[in-house]
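See structure below.
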Protein chains: 2
Amino acid sequence: MAQTKLEKLAGILKRKIDQGNINYVIPDLWNAWNYNGPEMRRIPSQELLVNPYRFYSTLIDEYILPNKQARKNYSNSLSTITNRTIQDNEQGGDWVRKSVLYSTMIRTSSAWDHDRSFSLDLSNFDTMKETGTFVKTLALLPLLQKMGVDTLYLLPISRFSLKDKKGELGSPYGVANFFDLDPNLKDNMTGKAMSLEEEFQALVEACHMLGMRVVIDIIPRTNSVENDLIKEHPDWFYWIKASEASSYRVPYVDGISSTVSPNPEYMDKVYESEDVIRHIKMFQLNPKDQNPVQFEKLKEQNGSFTELIEKEFDLKIAPAFSDHINDTQPPWTDVTFFRMFMDHPKDNIKYLKNKKANPYILFDTIKANLFPGNVPNQELWDLLASIIPYYQTLYGIDGARIDMGHALPKTLLQMIIEEARKNDPDFAFIAEELNPDNASKAKEFGYNIIIGNGFWMEPRIWEKKFHKFVYGAKDIALPMFACAETHDTARIAGRDGGQNLGRLTTTFNMLLPNLVPFINSGQEVYETQPMNTGIDCTNADKFKLPQDDLFYGKLALFDKYAIHYLNPNRWEVADHLDGIKKIRNAWLDQITNLDCYIPLYFNEFDTPAIGVSYFNKKTGKCLLVVANTNCYNDIQCNASIFKLREATGNKDHVGRLLYSTYEFGRDYHDFTPDDRIYFQLGAGEVKVIEF
Amino acid sequence: MAQTKLEKLAGILKRKIDQGNINYVIPDLWNAWNYNGPEMRRIPSQELLVNPYRFYSTLIDEYILPNKQARKNYSNSLSTITNRTIQDNEQGGDWVRKSVLYSTMIRTSSAWDHDRSFSLDLSNFDTMKETGTFVKTLALLPLLQKMGVDTLYLLPISRFSLKDKKGELGSPYGVANFFDLDPNLKDNMTGKAMSLEEEFQALVEACHMLGMRVVIDIIPRTNSVENDLIKEHPDWFYWIKASEASSYRVPYVDGISSTVSPNPEYMDKVYESEDVIRHIKMFQLNPKDQNPVQFEKLKEQNGSFTELIEKEFDLKIAPAFSDHINDTQPPWTDVTFFRMFMDHPKDNIKYLKNKKANPYILFDTIKANLFPGNVPNQELWDLLASIIPYYQTLYGIDGARIDMGHALPKTLLQMIIEEARKNDPDFAFIAEELNPDNASKAKEFGYNIIIGNGFWMEPRIWEKKFHKFVYGAKDIALPMFACAETHDTARIAGRDGGQNLGRLTTTFNMLLPNLVPFINSGQEVYETQPMNTGIDCTNADKFKLPQDDLFYGKLALFDKYAIHYLNPNRWEVADHLDGIKKIRNAWLDQITNLDCYIPLYFNEFDTPAIGVSYFNKKTGKCLLVVANTNCYNDIQCNASIFKLREATGNKDHVGRLLYSTYEFGRDYHDFTPDDRIYFQLGAGEVKVIEF
């Protein structure tokens, strides 16, 4: 069989070992696999000085490639490689229910100031790239494996536009071309010997060899205001006069309160609003239809195509904005919406004064699932439905999150899901659905999991929302993520409860019913600075770091950013997860089967204690997972295990403390004759008991 | 006029600025001249990231060369350049009486871990040299000027042997060739574009342009056991059988107590000693006289000449040892003595059983000033007397310390001094004489200053030896160094009193009568680790640093070592000296003239206070310098200024506090009607008051 891209990569790196006697440090967390090259030296900052070529090639040779099996094609999805059978009670892609996800932003997660110049450079003193790359991400895999992670979820990796970019680097959510990778993720170590695409292939192969899956993030509703489709399809976008762009704003609708979902009943008010009428009048015919000959001529000229159009046509692509009426957010200057239909919304055209109005962005046109037109933009839909198959064929990715999938026309969403499952019936889909009530709708579409609202509920321990989330999860139609933070939210360790809350949620999340562990990059080292302040973030959250921190006020989604991998407690969460993953693996069938689950209720009034339990009918064994959500004080509590005893016939009065975030394992004796069990729990402690 | 070597150096460095975008840091103390290149960045360690080529070339261009005057030849001594007139009451070289010396070990003083690899490399990740070099020493000059230093005293800079070397690098006191410079002091930045000799020339020129003098250290009594003279002059050395070298030891003389000076009255006992007889018998005829033909043949062979001799002749040069009888020190394996006379000591030959004994090392032969022979080793003497003229001609050095000069044959010492003063009548000589009682003898020889015993007296504040030293200095025939430490002793900041004692001595020493300020490299940043444990050091002093310090247990004289220039209080002493040097300069004529000096005595019994005063008859002004040698508590004290009033007629009752190491300057009112003055002094405080 042909050489894998990973082997090619190892070969390229090995041939350059002689050039690697350079000043290159990595955080010691990147060496969770005990690299011990002759040149390696730990320096007082706890970084490791290594020869990067020897380090990364040895990582591949000694940690990853030994797992490679003969006659396997690692550029297929892992389900294809392992011939995973989809069970009768399963949807294709339901492997995700048993997985542990790690949300990775390649640019950030594998960023490091390798030359300690106190700036993240695209080419540092030694011409090494300091922002993250696919190649350097390999060094995180041993740490992730230690933590029990088996699925790498990647924030967008496509080429994005730098026009009107936010922050130092721009947001990867402003995609310029779905089919190109972000060139910033190319590593300098390989130079021209390997292409960017090959480097991503190598990373996916590496994950597959280690039994890990790779999930990507697809954004089919928006695109950068400067993208590669404009040239051929200017009519897929909304246009305004460039000279009027500065007065472009979100129209305000009198008589509707703020941030309201654009339901049909509001549409008459929307279209009556003078500000909406003003707004609709701003929109122009696309340049090609204005002057096809001049448009064709422009295509032959050099320079930025959008700038040429601005100059020659006085036209500009209109920025996107929130689909909620009277949302206070300003327009999102870097992105725009695709025209999903080539005509106006069929249910609202009656309100439109000028039926021949140019295509316009409004709360309805951008919520195409609720307000379809009669004429689908079929060519666009075909293109959007071909994105995932492209990544499947070229890279063998295992799943995808669809950004704002619920706002897409239903038919388009169905097309996207069907096309992917044609290639790989076990391809997983993650719905960007935060509302648990919508889980059943998502399930109908073929999603395997929704994001859910864990990121909102888990941090709110005093309001008992963590309790509500955990105890309520069993009733949701699809699994949700057991997650305390995402790339859009405040960081869990930066909230009230601090590192204790971070440790509590990250460990407890590993063993919850109908919830899939989801770890946000940096969460494992108690990172406090959010990557974006999109959801459930205050402005103060943006300034969590000390003022002399290199990344004070910086957001990974827009700026050069590296995780604080040198946190003195950096190994703590990984060590805990290393212990807990063994319990998770032993009990995985029960944890992911609601028939084996019994919620644990405590006898104290209004206790911060929270607990779940599982039983194995065959062995008669029971597993208790309890936590103290009070991150400041210890508590004592007791819970009934009557139902567990009933379900299993287990009458043991001696159990085993399998794990605690506070104490070593030991025998557990605190059972009462009346089928209760007592717990002493430290601040934020998680205890796992088997009997 | 031809380009100076310093200008050549600047040119070479400037041409390489494009190559200087490398990972290179310096301690901020090296930038006491406010370099602010576009690339400069201060990093959290308080080091500065700079382009080394731009940094050092800008230093030369902007700080040093603007001081260059037309039609001056900066490769002459500073006295020659400035045509300094030797006054009638002066000895040539007496400029040293008004100078402030800084004892520098090039290899150490300008050493830095520029790539932060936590090792001092001869060629680091960026092929830069991290041990000290002549070129990098330029960066210390602005700091030294700030501190008022005007004389750079260099520990040996000659090429030394690595045979049987001590420590990681070997001691520069084991000279292999007087006329070669130590190749380790060559900088990598200049590469082949500049020779080692030119780089030293550039440093001396730079000092001269800044009005600073350069003094070197000459070691004419000993040489390395592997040196360049052996080939032509094997008879200038003492030989033993190589096969017996392991049993070579210092002979013990019964009936004499330990560490006794080898005075003539002991010589009968010495020569009667069986151990001495055994010892003398070990010595052999030199290889050339044993077999001239074979010796000549060996000279043509490749390889280490001393090893060839060992192999072919079973001969080895005998190691030196202390000239004190029954000293407990073992032989100094890396060095040997020169044979100053070609016959046995004329006064002791009567004791020698075998008058034809081979030349031997004994307490008398090595103390040639006391025990001359009849036949001087004239050719050797001529060579030794030519060393300083060589350095004068090539580099224009301004003075020299003669290592163990008092142990040389008188005639040789006279030759050395005379030959130097023939070239430069104002050439200064520093006697390595620690005993103040011998100052008048040193003066007769033509020395300008003796080292004296300040390093021993000043630290002993509780025993009032600091008092004795300061108040006694006026009675010594030559000035001594006002010094609290040397490269051979424990560090002042490492002693009882710590940084307070370091600050006290270093500042107070600037204003003392018949004492010349002498600062040991590192003293200004409260370095605690001695450079050598030769004198007044315990073994514990060798381990002053924390165990995780890179230089724990290392000694600069033998090992790779860099001063702890990042001490948080690193600027404190320099800032104080910057203030005090202005007072010193204003009062320099009085401070260096004992006729203007009156010791200040305090009225309290046994007070830790110490004080000196000067008066200017012309202006009627008086200067008081008082210090509290108690480094832990403040004191109150008062002293009589009756004699000052008498000498000047000054009746002021308001003075000015010109400087204090504890408070800002202010008017001073604490005068009494009965001609006393009161002081409140903080722990270790120095106050300077003018009225």
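Scheme for the structure tokens: letters A, B, ... for chains in order shown; per-chain residue numbers from 1; ligand numbers from 1 in order shown.
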Legend entry - Nearby residues (only C-alpha atoms) at most 9 Å from Val149 (chain B), same-chain spacing under 4 positions excluded, as an NGL selection string: :B and (99-102 or 141 or 143-145 or 212 or 517-519 or 581)
Inset, instruction - Would you kindly report the residues of chain A within 7 Å of chain B, using only C-alpha atoms, as a VMD selection string? - result: chain A and resid 21 to 23 43 115 118 125
The selected residues should be written to file as a CSV table (one decimal), in the first residue's frame (atoms: C-alpha atoms).
chain,number,residue,atom,x,y,z
A,21,ASN,CA,19.5,22.4,16.7
A,22,ILE,CA,17.5,25.6,17.2
A,23,ASN,CA,16.0,27.5,20.1
A,43,ILE,CA,13.9,24.9,31.5
A,115,ASP,CA,11.3,31.2,20.6
A,118,PHE,CA,6.9,37.2,23.7
A,125,PHE,CA,13.6,34.0,14.9
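Distance check against Met147 (chain B) using only C-alpha atoms: of B:Thr507, B:Asn567, B:Asn369, B:Ser257, the minimum falls on B:Thr507.
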Inset, instruction - For region 561-563 of chain A, work out the shell of residues within 7 Å, counting only C-alpha atoms and skipping chain neighbours fewer than 2 positions away, then give it as a list of chain:residue names. - result: A:Thr108, A:Ser109, A:Ala111, A:Trp112, A:Gly522, A:Glu527, A:Phe551, A:Lys554, A:Leu555, A:Ala556, A:Asp559, A:Tyr565
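Between CA of Ile476 (chain B) and CA of Pro436 (chain B) there is a distance of 6.4 Å.
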